[in-house]
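target-v1.cif (mmCIF, C-alpha atoms and all ligand atoms) appears below.
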```
data_start
loop_
_atom_site.label_atom_id
_atom_site.label_comp_id
_atom_site.auth_asym_id
_atom_site.auth_seq_id
_atom_site.Cartn_x
_atom_site.Cartn_y
_atom_site.Cartn_z
CA MET A 786 130.08 180.59 -221.79
CA ASN A 787 129.99 183.84 -223.73
CA ILE A 788 128.09 186.98 -222.80
CA GLY A 789 128.02 189.05 -225.95
CA ASN A 790 131.62 189.30 -227.08
CA ILE A 791 133.00 188.44 -223.63
CA ARG A 792 134.23 184.94 -223.05
CA LEU A 793 133.95 183.78 -219.44
CA GLU A 794 136.50 181.22 -218.31
CA ASN A 795 133.76 179.27 -216.60
CA PRO A 796 130.00 179.57 -216.00
CA MET A 797 130.16 180.33 -212.25
CA ILE A 798 129.02 183.89 -211.71
CA THR A 799 128.73 185.61 -208.36
CA ALA A 800 125.59 187.56 -207.53
CA PRO A 801 125.20 191.25 -206.89
CA MET A 802 124.50 191.55 -203.16
CA ALA A 803 124.14 194.99 -201.65
CA GLY A 804 126.27 195.34 -198.54
CA VAL A 805 128.06 192.06 -199.26
CA THR A 806 129.82 191.95 -202.63
CA SER A 807 132.19 194.82 -201.95
CA ARG A 808 135.42 195.03 -203.91
CA ALA A 809 137.37 193.24 -201.15
CA PHE A 810 134.96 190.31 -201.24
CA ARG A 811 134.85 190.25 -205.04
CA GLU A 812 138.64 189.94 -205.10
CA ILE A 813 138.38 186.82 -202.94
CA LEU A 814 135.62 185.41 -205.15
CA LYS A 815 137.83 185.91 -208.18
CA GLU A 816 140.70 184.12 -206.45
CA MET A 817 138.35 181.22 -205.82
CA GLY A 818 137.89 181.04 -209.58
CA ALA A 819 134.64 182.90 -210.36
CA GLY A 820 134.14 183.33 -214.10
CA LEU A 821 132.45 186.69 -213.51
CA VAL A 822 131.82 188.80 -210.43
CA THR A 823 129.15 191.47 -210.03
CA THR A 824 129.16 194.66 -208.02
CA GLU A 825 126.52 195.58 -205.51
CA MET A 826 123.58 197.32 -207.14
CA VAL A 827 124.28 200.97 -207.89
CA SER A 828 121.47 203.50 -208.28
CA ALA A 829 121.64 204.96 -211.79
CA LYS A 830 120.12 208.23 -210.64
CA ALA A 831 122.50 208.65 -207.71
CA LEU A 832 125.40 207.94 -210.03
CA VAL A 833 124.33 210.53 -212.55
CA TYR A 834 124.05 213.05 -209.66
CA GLU A 835 127.60 212.02 -208.73
CA ASN A 836 126.62 210.83 -205.30
CA LYS A 837 129.89 210.10 -203.48
CA GLN A 838 128.92 206.67 -202.15
CA SER A 839 127.65 205.54 -205.54
CA LEU A 840 130.85 206.69 -207.20
CA GLN A 841 132.83 204.77 -204.59
CA LEU A 842 131.01 201.60 -205.57
CA LEU A 843 132.45 202.12 -209.04
CA GLU A 844 136.09 202.29 -208.02
CA LEU A 845 137.10 199.32 -210.13
CA GLU A 846 140.52 200.40 -211.31
CA GLY A 847 143.03 197.59 -211.06
CA GLU A 848 140.37 195.01 -210.19
CA SER A 849 140.69 191.70 -211.96
CA TRP A 850 138.57 191.60 -215.11
CA PRO A 851 135.77 190.88 -216.02
CA ILE A 852 133.43 192.66 -213.59
CA ALA A 853 129.74 193.26 -214.21
CA VAL A 854 128.29 196.46 -212.77
CA GLN A 855 124.67 196.23 -211.76
CA LEU A 856 122.58 199.35 -212.20
CA CYS A 857 119.17 200.03 -210.77
CA GLY A 858 116.72 202.51 -212.29
CA HIS A 859 113.66 202.88 -214.47
CA GLU A 860 114.38 205.87 -216.73
CA PRO A 861 116.01 204.89 -220.02
CA ASP A 862 118.07 208.09 -220.39
CA VAL A 863 119.30 208.01 -216.78
CA LEU A 864 120.22 204.35 -217.01
CA ALA A 865 122.03 204.96 -220.30
CA ALA A 866 124.03 207.85 -218.81
CA ALA A 867 124.91 205.81 -215.72
CA ALA A 868 125.97 202.87 -217.90
CA LYS A 869 128.40 205.13 -219.76
CA MET A 870 129.90 206.22 -216.44
CA ALA A 871 130.25 202.61 -215.32
CA VAL A 872 131.94 201.55 -218.55
CA ALA A 873 134.33 204.50 -218.32
CA ARG A 874 135.31 203.18 -214.88
CA GLY A 875 135.97 199.60 -216.00
CA ALA A 876 132.65 197.73 -216.23
CA ALA A 877 132.98 194.80 -218.65
CA ILE A 878 129.23 194.16 -218.59
CA ILE A 879 126.24 196.25 -217.51
CA ASP A 880 123.51 194.38 -215.67
CA ILE A 881 120.07 195.91 -215.16
CA ASN A 882 118.33 195.13 -211.88
CA CYS A 883 114.76 193.96 -212.52
CA GLY A 884 114.46 191.86 -209.39
CA CYS A 885 115.19 193.77 -206.19
CA PRO A 886 112.20 193.33 -203.86
CA ALA A 887 113.09 196.02 -201.28
CA PRO A 888 110.16 198.38 -200.57
CA LYS A 889 112.29 201.53 -200.94
CA ILE A 890 113.39 200.34 -204.40
CA VAL A 891 110.05 199.16 -205.79
CA LYS A 892 108.25 202.30 -204.60
CA ASN A 893 110.41 204.26 -207.04
CA GLY A 894 109.41 201.94 -209.88
CA ASP A 895 112.80 200.19 -209.85
CA GLY A 896 113.89 196.57 -209.28
CA SER A 897 111.15 193.95 -209.38
CA ARG A 898 108.49 196.62 -210.03
CA LEU A 899 109.78 196.58 -213.62
CA LEU A 900 108.51 193.00 -214.02
CA GLU A 901 105.04 194.47 -214.47
CA THR A 902 106.01 196.65 -217.43
CA PRO A 903 107.80 194.54 -220.06
CA GLN A 904 107.62 197.38 -222.58
CA LEU A 905 109.67 199.56 -220.24
CA ILE A 906 112.20 196.74 -219.76
CA GLU A 907 112.63 196.57 -223.52
CA GLU A 908 113.18 200.34 -223.66
CA LEU A 909 115.67 200.27 -220.79
CA VAL A 910 117.76 197.49 -222.29
CA SER A 911 117.64 199.09 -225.70
CA ALA A 912 118.67 202.51 -224.32
CA VAL A 913 121.64 201.03 -222.48
CA LYS A 914 122.65 198.95 -225.50
CA GLY A 915 122.60 202.11 -227.58
CA ALA A 916 124.78 203.98 -225.07
CA VAL A 917 127.63 201.52 -224.46
CA SER A 918 129.57 199.00 -226.49
CA VAL A 919 129.88 196.37 -223.74
CA PRO A 920 127.36 193.52 -223.31
CA VAL A 921 124.15 194.31 -221.41
CA THR A 922 122.39 191.79 -219.21
CA MET A 923 119.39 191.87 -216.92
CA LYS A 924 118.41 190.07 -213.74
CA ILE A 925 114.79 189.16 -213.19
CA ARG A 926 112.57 187.23 -210.80
CA ARG A 927 109.67 184.90 -211.60
CA GLY A 928 107.16 187.73 -211.27
CA TRP A 929 105.66 190.09 -208.74
CA ASP A 930 103.39 187.56 -207.03
CA ALA A 931 101.98 184.10 -207.70
CA PRO A 932 100.49 182.94 -209.97
CA GLU A 933 101.40 185.64 -212.52
CA GLU A 934 104.74 184.66 -214.06
CA THR A 935 105.43 188.09 -215.50
CA GLY A 936 109.12 187.24 -215.47
CA LEU A 937 108.63 185.30 -218.69
CA ALA A 938 107.30 188.33 -220.58
CA ALA A 939 110.06 190.39 -218.97
CA ALA A 940 112.71 188.01 -220.30
CA LEU A 941 111.26 188.11 -223.81
CA ALA A 942 111.08 191.92 -223.63
CA GLY A 943 114.71 192.10 -222.53
CA GLU A 944 115.70 189.88 -225.41
CA ARG A 945 113.84 192.11 -227.87
CA GLY A 946 115.64 195.10 -226.38
CA GLY A 947 118.96 193.40 -227.11
CA ALA A 948 119.95 191.79 -223.78
CA ASP A 949 123.06 189.63 -224.17
CA ALA A 950 122.12 187.32 -221.29
CA ILE A 951 119.38 187.02 -218.70
CA THR A 952 119.79 185.97 -215.07
CA VAL A 953 116.70 184.40 -213.57
CA HIS A 954 116.08 184.15 -209.84
CA GLY A 955 113.25 181.65 -209.49
CA ARG A 956 111.27 183.48 -206.79
CA TYR A 957 108.43 185.96 -206.92
CA ARG A 958 108.97 189.43 -205.51
CA ALA A 959 106.38 188.67 -202.84
CA GLN A 960 108.57 185.83 -201.56
CA PHE A 961 111.58 188.05 -200.94
CA TYR A 962 114.07 185.31 -199.97
CA SER A 963 111.66 182.81 -198.42
CA GLY A 964 110.40 179.53 -199.85
CA GLU A 965 112.35 177.83 -202.59
CA ALA A 966 113.48 179.12 -205.95
CA ASP A 967 111.51 177.43 -208.73
CA TRP A 968 114.03 176.00 -211.16
CA ASP A 969 111.32 174.75 -213.47
CA PHE A 970 110.48 178.39 -214.16
CA ILE A 971 114.14 178.99 -214.94
CA ARG A 972 114.08 176.04 -217.33
CA ARG A 973 111.05 177.49 -219.09
CA VAL A 974 112.77 180.86 -219.54
CA LYS A 975 115.78 179.04 -220.96
CA GLU A 976 113.47 177.34 -223.48
CA ALA A 977 111.71 180.58 -224.37
CA VAL A 978 114.70 182.81 -225.18
CA SER A 979 117.70 182.32 -227.39
CA VAL A 980 120.23 184.38 -225.40
CA PRO A 981 122.25 182.73 -222.60
CA VAL A 982 120.33 182.17 -219.36
CA ILE A 983 121.97 182.19 -215.94
CA GLY A 984 120.05 180.36 -213.22
CA ASN A 985 119.96 181.67 -209.67
CA GLY A 986 118.48 180.65 -206.36
CA ASP A 987 119.46 178.37 -203.47
CA LEU A 988 122.75 177.07 -204.81
CA PHE A 989 124.59 176.03 -201.66
CA SER A 990 126.85 173.20 -202.84
CA GLY A 991 128.68 171.87 -205.85
CA ALA A 992 126.07 169.12 -206.06
CA ASP A 993 123.29 171.75 -206.27
CA CYS A 994 125.10 173.34 -209.19
CA VAL A 995 125.53 170.09 -211.14
CA ARG A 996 121.90 169.16 -210.61
CA ARG A 997 120.48 172.54 -211.61
CA LEU A 998 122.60 172.81 -214.74
CA ALA A 999 121.47 169.35 -215.83
CA GLU A 1000 117.80 170.03 -215.06
CA THR A 1001 117.57 173.34 -216.87
CA GLY A 1002 120.21 173.41 -219.58
CA CYS A 1003 121.16 176.88 -218.30
CA ASP A 1004 124.33 178.40 -219.71
CA GLY A 1005 125.60 179.68 -216.38
CA LEU A 1006 124.82 179.72 -212.67
CA MET A 1007 124.80 182.59 -210.21
CA LEU A 1008 125.82 182.00 -206.60
CA GLY A 1009 124.29 184.24 -203.94
CA ARG A 1010 123.79 183.68 -200.21
CA GLY A 1011 125.77 180.45 -200.37
CA LEU A 1012 128.89 182.62 -200.68
CA MET A 1013 128.38 184.37 -197.37
CA GLY A 1014 131.23 183.19 -195.19
CA ASN A 1015 131.90 180.57 -197.83
CA PRO A 1016 133.64 181.99 -200.90
CA TRP A 1017 135.06 178.45 -201.29
CA LEU A 1018 131.67 177.55 -202.77
CA VAL A 1019 133.00 178.86 -206.11
CA ARG A 1020 135.97 176.50 -205.97
CA GLU A 1021 133.78 173.61 -204.86
CA ALA A 1022 131.28 174.19 -207.68
CA LEU A 1023 134.03 174.33 -210.28
CA ARG A 1024 135.64 171.13 -209.02
CA VAL A 1025 132.39 169.21 -208.83
CA LEU A 1026 131.35 170.41 -212.30
CA ASP A 1027 134.70 169.10 -213.45
CA GLY A 1028 133.94 165.68 -211.94
CA LYS A 1029 136.35 166.14 -209.01
CA GLU A 1030 135.82 165.83 -205.27
CA PRO A 1031 135.42 169.12 -203.38
CA LEU A 1032 138.45 170.15 -201.32
CA ALA A 1033 137.96 170.47 -197.58
CA VAL A 1034 138.50 173.95 -196.14
CA SER A 1035 140.82 173.80 -193.13
CA PRO A 1036 140.24 176.14 -190.16
CA GLN A 1037 143.65 177.73 -190.94
CA GLU A 1038 142.54 178.56 -194.47
CA ARG A 1039 139.21 179.87 -193.22
CA PHE A 1040 140.93 182.21 -190.75
CA ALA A 1041 143.56 183.27 -193.26
CA VAL A 1042 140.92 184.32 -195.79
CA ALA A 1043 138.83 186.06 -193.11
CA ARG A 1044 141.92 187.97 -191.95
CA ARG A 1045 142.83 188.99 -195.49
CA HIS A 1046 139.26 190.04 -196.17
CA LEU A 1047 139.30 192.21 -193.02
CA ALA A 1048 142.60 193.86 -193.94
CA ARG A 1049 141.51 194.59 -197.50
CA GLU A 1050 138.07 195.90 -196.51
CA VAL A 1051 139.75 198.32 -194.08
CA GLN A 1052 142.32 199.33 -196.69
CA ILE A 1053 139.60 200.12 -199.23
CA GLN A 1054 136.81 201.52 -197.06
CA GLY A 1055 138.80 203.05 -194.23
CA GLU A 1056 139.03 201.69 -190.69
CA HIS A 1057 135.63 202.73 -189.35
CA THR A 1058 133.46 201.54 -192.25
CA GLY A 1059 135.69 198.57 -193.00
CA VAL A 1060 135.46 197.22 -189.45
CA LEU A 1061 131.69 197.74 -189.31
CA GLU A 1062 131.19 196.07 -192.70
CA MET A 1063 133.28 193.10 -191.64
CA ARG A 1064 131.18 192.28 -188.57
CA LYS A 1065 128.61 190.33 -190.58
CA HIS A 1066 131.25 188.67 -192.79
CA LEU A 1067 133.26 187.48 -189.77
CA ALA A 1068 130.09 186.13 -188.16
CA TRP A 1069 129.44 184.18 -191.37
CA TYR A 1070 133.01 182.87 -191.61
CA ILE A 1071 132.84 181.34 -188.13
CA LYS A 1072 129.24 180.10 -188.26
CA GLY A 1073 128.96 176.64 -186.75
CA MET A 1074 132.32 176.76 -184.96
CA PRO A 1075 132.47 176.18 -181.17
CA LYS A 1076 131.55 179.28 -179.15
CA ALA A 1077 130.82 181.19 -182.35
CA ALA A 1078 127.99 183.18 -180.74
CA LEU A 1079 130.31 184.43 -178.00
CA PHE A 1080 132.99 185.39 -180.49
CA ARG A 1081 130.41 187.21 -182.61
CA GLN A 1082 129.35 189.29 -179.61
CA GLN A 1083 132.96 190.14 -178.97
CA ILE A 1084 133.65 191.10 -182.60
CA ASN A 1085 130.70 193.48 -182.47
CA THR A 1086 132.50 195.49 -179.79
CA GLY A 1087 135.73 195.82 -181.80
CA GLU A 1088 136.17 199.26 -183.32
CA THR A 1089 139.66 199.24 -184.77
CA TYR A 1090 141.38 196.96 -187.22
CA THR A 1091 143.91 195.88 -184.60
CA GLN A 1092 141.25 195.05 -182.03
CA VAL A 1093 139.28 192.90 -184.46
CA ALA A 1094 142.37 191.22 -185.95
CA ASP A 1095 143.57 190.38 -182.41
CA MET A 1096 140.16 188.96 -181.52
CA LEU A 1097 140.32 186.73 -184.61
CA THR A 1098 143.76 185.49 -183.65
CA ALA A 1099 142.69 184.84 -180.06
CA TYR A 1100 139.66 182.89 -181.26
CA GLU A 1101 141.73 180.84 -183.69
CA THR A 1102 144.21 180.05 -180.90
CA TYR A 1103 141.35 179.08 -178.58
CA LEU A 1104 139.99 176.67 -181.21
CA GLU A 1105 143.44 175.16 -181.77
CA GLU A 1106 143.86 174.57 -178.04
CA GLN A 1107 140.49 172.82 -177.90
CA GLN A 1108 141.71 170.47 -180.61
CA GLU A 1109 144.81 169.41 -178.70
C1 LIG B 1 122.03 190.73 -198.67
C2 LIG B 1 121.56 190.58 -200.10
C3 LIG B 1 121.71 191.63 -200.98
C4 LIG B 1 121.27 191.51 -202.30
N1 LIG B 1 121.47 192.55 -203.17
C5 LIG B 1 121.11 192.41 -204.47
C6 LIG B 1 121.39 193.43 -205.41
O1 LIG B 1 121.99 194.47 -205.10
N2 LIG B 1 120.99 193.22 -206.71
C7 LIG B 1 120.34 192.07 -207.10
O2 LIG B 1 119.99 191.92 -208.27
N3 LIG B 1 120.08 191.09 -206.22
C8 LIG B 1 120.46 191.23 -204.93
N4 LIG B 1 120.25 190.20 -204.07
C9 LIG B 1 119.67 188.94 -204.57
C10 LIG B 1 120.78 187.96 -204.97
O3 LIG B 1 121.56 188.49 -206.01
C11 LIG B 1 120.17 186.62 -205.42
O4 LIG B 1 119.37 186.83 -206.57
C12 LIG B 1 119.30 185.97 -204.35
O5 LIG B 1 119.90 186.03 -203.08
C13 LIG B 1 118.97 184.51 -204.73
O6 LIG B 1 120.13 183.73 -204.79
P1 LIG B 1 120.55 182.77 -203.55
O7 LIG B 1 119.33 181.96 -203.20
O8 LIG B 1 121.69 181.99 -204.07
O9 LIG B 1 120.92 183.71 -202.43
C14 LIG B 1 120.65 190.32 -202.75
C15 LIG B 1 120.50 189.27 -201.85
C16 LIG B 1 120.94 189.37 -200.53
C17 LIG B 1 120.76 188.20 -199.61
#
```
Give the structure from the file, written as structure tokens.
Ligand SMILES: Cc1cc2nc3c(=O)[nH]c(=O)nc-3n(C[C@H](O)[C@H](O)[C@H](O)COP(=O)(O)O)c2cc1C
Amino acid sequence: MNIGNIRLENPMITAPMAGVTSRAFREILKEMGAGLVTTEMVSAKALVYENKQSLQLLELEGESWPIAVQLCGHEPDVLAAAAKMAVARGAAIIDINCGCPAPKIVKNGDGSRLLETPQLIEELVSAVKGAVSVPVTMKIRRGWDAPEETGLAAALAGERGGADAITVHGRYRAQFYSGEADWDFIRRVKEAVSVPVIGNGDLFSGADCVRRLAETGCDGLMLGRGLMGNPWLVREALRVLDGKEPLAVSPQERFAVARRHLAREVQIQGEHTGVLEMRKHLAWYIKGMPKAALFRQQINTGETYTQVADMLTAYETYLEEQQE
């Protein structure tokens, strides 16, 4: 699929997930074959004020292209200035967050709060389009709360503003992440707009991806929580879309990727933050394995890279011995 003038090698896009889709994880997702990866959401205002943590989220130099940077904000001039900063640092696409349900975000008028003001969405997209030469996309939900599907008006407003593609998560803000994403809503957005639509919500297997593409006629799909501890979902989806059987993931491969992820996270974020950030990822990587709960408790006591890496090795050895 194309987003503006950017040609993606395939339609599997990985979601922005705050606290999850760090650079280290995005690199793994790219290796698994993702057509496009997205950063965690970055506050446009914090970026413009040169907040150190926000600037760190934009350290993209040397990262495999293309990367979409997701910005969060509600002031057209601030968003436009932040978009320029992101493009200067390597963003291939700017995505505008119109879906985040978090109370601290919506109380500022950002994220899914924007779904109630389509006129403002149009202005935001148009301001960012005017500021940068890369494609601009937006990510919406179905609406604030049932039954008002304000997401439809939001999509049309984004298109009027010049959005090059629209990602639709088929849940209301009020649902947060509960219930099921409504893919019929996504299909209706796809019918209503003429720019590419990327469907999102509850894609956990290659079979889910094939089914949702067929049902909606979407141009692309965005994988979210299904990637947690399972970046292989990208590879699986691509194979199944290609009519092939998914490849099994051996325990050795699982541990090798987890170990590499740990090393890279520590290299990029420093030992303290890297180790803390990896606790949840490691818990996800080993979910469902024997004695996983015990190992998770242990991991949560590890403070240095060496301690955690040794714990991983010991756990892998334990599992191998159980197999014999
Ligand atoms: C931990 C977490 C963090 C998220 N952070 C963001 C974010 O920064 N920006 C955004 O647009 N959506 C964010 N989302 C929403 C996802 O991008 C996605 O739309 C949602 O999880 C639905 O897809 P899924 O059912 O495949 O998970 C986040 C979701 C989770 C679980």
Open item on the list: Using only C-alpha atoms and all ligand atoms, which residues of the polymer chains come no farther than 10 Å from ligand LIG 1 (chain B)? I'd like the answer as JSON, numbers by chain.
Closed with: {"A": [799, 800, 801, 802, 803, 804, 805, 806, 823, 824, 825, 826, 827, 828, 855, 856, 857, 880, 881, 882, 883, 884, 885, 886, 887, 896, 897, 923, 924, 925, 926, 952, 953, 954, 955, 956, 961, 962, 963, 964, 965, 966, 984, 985, 986, 987, 988, 989, 1006, 1007, 1008, 1009, 1010, 1011, 1012, 1013]}
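Using all atoms listed in the file, the nearest neighbour of Arg1039 of chain A within the list A:Glu934, A:Asp993, A:Asp949, A:Glu1101 is A:Glu1101.
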- [ ] One decimal, Å: what's the distance from atom CA of Ile791 of chain A over to atom CA of Gly947 of chain A, could you say?
- [x]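 Straight-line distance from atom CA of Ile791 of chain A to atom CA of Gly947 of chain A works out to 15.3 Å.
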Open item on the list: Which residue is closest to Trp929 of chain A? Choose from A:Val891, A:Ile906, A:Ile879, A:Ala942 and count all atoms listed in the file.
Closed with: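 For Trp929 of chain A, the nearest of the given residues is A:Val891.
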Open item on the list: I'd like the interatomic distance between atom CA of Arg958 of chain A and atom CA of Ala977 of chain A, to a tenth of an Å.
Closed with: 21.0 Å
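Each of A:Cys1003, A:Ala853, A:Ala1022, A:Ile1053 was checked against Met817 of chain A using all atoms listed in the file; the smallest atom-to-atom distance is that of A:Ala1022.
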Task: Residues within 10 Å of His1057 of chain A, all atoms listed in the file, excluding chain neighbours under 5 positions, as a list in words - done: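 Here the answer would be Val1051, Glu1062, Glu1088, Thr1089 and Tyr1090 of chain A.
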- [ ] Dump as a PyMOL selection string all residues having an atom at most 9 Å from (129.2, 193.6, -217.2), computed in the file's coordinates with all atoms listed in the file.
- [x] chain A and resi 788+821-823+851-855+872+876-880+919-922
TODO: Could you give me, as a VMD selection string, the residues within 10 Å of Thr1091 of chain A, counting only C-alpha atoms and dropping anything in the same chain fewer than 6 positions from it?
DONE: chain A and resid 1048 1056 1060 1097
Task: Selection as a list of chain:residue names: residues within 12 Å of (144.0, 194.3, -195.1), counting all atoms listed in the file - done: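 All residues meeting the 12 Å criterion around (144.0, 194.3, -195.1) are A:Ala809, A:Phe810, A:Ala1041, A:Val1042, A:Ala1043, A:Arg1044, A:Arg1045, A:His1046, A:Leu1047, A:Ala1048, A:Arg1049, A:Glu1050, A:Val1051, A:Gln1052, A:Ile1053, A:Gln1054, A:Gly1055, A:Glu1056, A:Gly1059, A:Val1060, A:Met1063, A:Tyr1090, A:Thr1091, A:Val1093, A:Ala1094.
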Let me see the file: selected residues, C-alpha atoms, as a PDB file, in the frame of the given file.
```pdb
ATOM      1  CA  ALA A 809     137.370 193.240-201.150  1.00  0.00           C
ATOM      2  CA  PHE A 810     134.960 190.310-201.240  1.00  0.00           C
ATOM      3  CA  ALA A1041     143.560 183.270-193.260  1.00  0.00           C
ATOM      4  CA  VAL A1042     140.920 184.320-195.790  1.00  0.00           C
ATOM      5  CA  ALA A1043     138.830 186.060-193.110  1.00  0.00           C
ATOM      6  CA  ARG A1044     141.920 187.970-191.950  1.00  0.00           C
ATOM      7  CA  ARG A1045     142.830 188.990-195.490  1.00  0.00           C
ATOM      8  CA  HIS A1046     139.260 190.040-196.170  1.00  0.00           C
ATOM      9  CA  LEU A1047     139.300 192.210-193.020  1.00  0.00           C
ATOM     10  CA  ALA A1048     142.600 193.860-193.940  1.00  0.00           C
ATOM     11  CA  ARG A1049     141.510 194.590-197.500  1.00  0.00           C
ATOM     12  CA  GLU A1050     138.070 195.900-196.510  1.00  0.00           C
ATOM     13  CA  VAL A1051     139.750 198.320-194.080  1.00  0.00           C
ATOM     14  CA  GLN A1052     142.320 199.330-196.690  1.00  0.00           C
ATOM     15  CA  ILE A1053     139.600 200.120-199.230  1.00  0.00           C
ATOM     16  CA  GLN A1054     136.810 201.520-197.060  1.00  0.00           C
ATOM     17  CA  GLY A1055     138.800 203.050-194.230  1.00  0.00           C
ATOM     18  CA  GLU A1056     139.030 201.690-190.690  1.00  0.00           C
ATOM     19  CA  GLY A1059     135.690 198.570-193.000  1.00  0.00           C
ATOM     20  CA  VAL A1060     135.460 197.220-189.450  1.00  0.00           C
ATOM     21  CA  MET A1063     133.280 193.100-191.640  1.00  0.00           C
ATOM     22  CA  TYR A1090     141.380 196.960-187.220  1.00  0.00           C
ATOM     23  CA  THR A1091     143.910 195.880-184.600  1.00  0.00           C
ATOM     24  CA  VAL A1093     139.280 192.900-184.460  1.00  0.00           C
ATOM     25  CA  ALA A1094     142.370 191.220-185.950  1.00  0.00           C
TER      26      ALA A1094
END
```
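Distances to Met797 of chain A were evaluated for A:Met1074, A:Ile1084, A:Val833, A:Leu998 using only C-alpha atoms, and the minimum falls at A:Leu998.
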Centre and size of axis-aligned box enclosing segment 964-976 of chain A plus 5 Å each side, as lines of an AutoDock Vina configuration file:
```
center_x = 113.1
center_y = 177.8
center_z = -211.7
size_x = 15.4
size_y = 16.1
size_z = 33.6
```
- [ ] Grab the atom CA of Trp850 of chain A to atom CA of Pro796 of chain A distance for me, in Å with one decimal place.
- [x]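 So the answer is 14.8 Å.
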Task: Selected residue, from A:Ile890, A:Leu793, A:Ala831, A:Leu905, that lies nearest to Ala867 of chain A when counting all atoms listed in the file - done: A:Ala831
Open item on the list: Nearest residue to Pro888 of chain A out of A:Leu1026, A:Val978, A:Ala959, A:Ala939, using all atoms listed in the file?
Closed with: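 For Pro888 of chain A, the nearest of the candidates is A:Ala959.
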File contents for segment 823-839 of chain A with N, CA and C atoms as a PDB file, in the first residue's frame:
```
ATOM      1  N   THR A 823       5.610   2.393  14.190  1.00  0.00           N
ATOM      2  CA  THR A 823       5.203   3.700  14.715  1.00  0.00           C
ATOM      3  C   THR A 823       5.821   3.894  16.092  1.00  0.00           C
ATOM      4  N   THR A 824       6.235   5.099  16.366  1.00  0.00           N
ATOM      5  CA  THR A 824       6.797   5.388  17.695  1.00  0.00           C
ATOM      6  C   THR A 824       5.681   5.378  18.735  1.00  0.00           C
ATOM      7  N   GLU A 825       6.086   5.464  19.990  1.00  0.00           N
ATOM      8  CA  GLU A 825       5.127   5.747  21.048  1.00  0.00           C
ATOM      9  C   GLU A 825       4.607   7.153  20.798  1.00  0.00           C
ATOM     10  N   MET A 826       3.475   7.489  21.402  1.00  0.00           N
ATOM     11  CA  MET A 826       2.962   8.844  21.204  1.00  0.00           C
ATOM     12  C   MET A 826       3.900   9.847  21.887  1.00  0.00           C
ATOM     13  N   VAL A 827       4.112  10.967  21.218  1.00  0.00           N
ATOM     14  CA  VAL A 827       4.985  12.014  21.752  1.00  0.00           C
ATOM     15  C   VAL A 827       4.132  13.274  21.891  1.00  0.00           C
ATOM     16  N   SER A 828       4.197  13.917  23.050  1.00  0.00           N
ATOM     17  CA  SER A 828       3.420  15.141  23.253  1.00  0.00           C
ATOM     18  C   SER A 828       4.031  16.272  22.426  1.00  0.00           C
ATOM     19  N   ALA A 829       3.195  16.878  21.579  1.00  0.00           N
ATOM     20  CA  ALA A 829       3.690  17.954  20.711  1.00  0.00           C
ATOM     21  C   ALA A 829       4.186  19.122  21.558  1.00  0.00           C
ATOM     22  N   LYS A 830       3.444  19.425  22.603  1.00  0.00           N
ATOM     23  CA  LYS A 830       3.801  20.574  23.440  1.00  0.00           C
ATOM     24  C   LYS A 830       5.141  20.321  24.128  1.00  0.00           C
ATOM     25  N   ALA A 831       5.282  19.140  24.715  1.00  0.00           N
ATOM     26  CA  ALA A 831       6.532  18.817  25.419  1.00  0.00           C
ATOM     27  C   ALA A 831       7.709  18.875  24.449  1.00  0.00           C
ATOM     28  N   LEU A 832       7.468  18.456  23.241  1.00  0.00           N
ATOM     29  CA  LEU A 832       8.538  18.459  22.240  1.00  0.00           C
ATOM     30  C   LEU A 832       8.964  19.889  21.917  1.00  0.00           C
ATOM     31  N   VAL A 833       7.984  20.728  21.721  1.00  0.00           N
ATOM     32  CA  VAL A 833       8.280  22.117  21.382  1.00  0.00           C
ATOM     33  C   VAL A 833       9.031  22.795  22.542  1.00  0.00           C
ATOM     34  N   TYR A 834       8.716  22.382  23.785  1.00  0.00           N
ATOM     35  CA  TYR A 834       9.451  22.919  24.949  1.00  0.00           C
ATOM     36  C   TYR A 834      10.783  22.192  25.159  1.00  0.00           C
ATOM     37  N   GLU A 835      11.112  21.314  24.240  1.00  0.00           N
ATOM     38  CA  GLU A 835      12.363  20.554  24.267  1.00  0.00           C
ATOM     39  C   GLU A 835      12.525  19.722  25.536  1.00  0.00           C
ATOM     40  N   ASN A 836      11.430  19.161  25.965  1.00  0.00           N
ATOM     41  CA  ASN A 836      11.470  18.232  27.096  1.00  0.00           C
ATOM     42  C   ASN A 836      12.412  17.068  26.744  1.00  0.00           C
ATOM     43  N   LYS A 837      13.310  16.747  27.694  1.00  0.00           N
ATOM     44  CA  LYS A 837      14.368  15.784  27.388  1.00  0.00           C
ATOM     45  C   LYS A 837      13.805  14.401  27.022  1.00  0.00           C
ATOM     46  N   GLN A 838      12.830  13.953  27.801  1.00  0.00           N
ATOM     47  CA  GLN A 838      12.284  12.607  27.521  1.00  0.00           C
ATOM     48  C   GLN A 838      11.583  12.555  26.163  1.00  0.00           C
ATOM     49  N   SER A 839      10.892  13.644  25.822  1.00  0.00           N
ATOM     50  CA  SER A 839      10.204  13.663  24.528  1.00  0.00           C
ATOM     51  C   SER A 839      11.219  13.663  23.393  1.00  0.00           C
TER      52      SER A 839
END
```
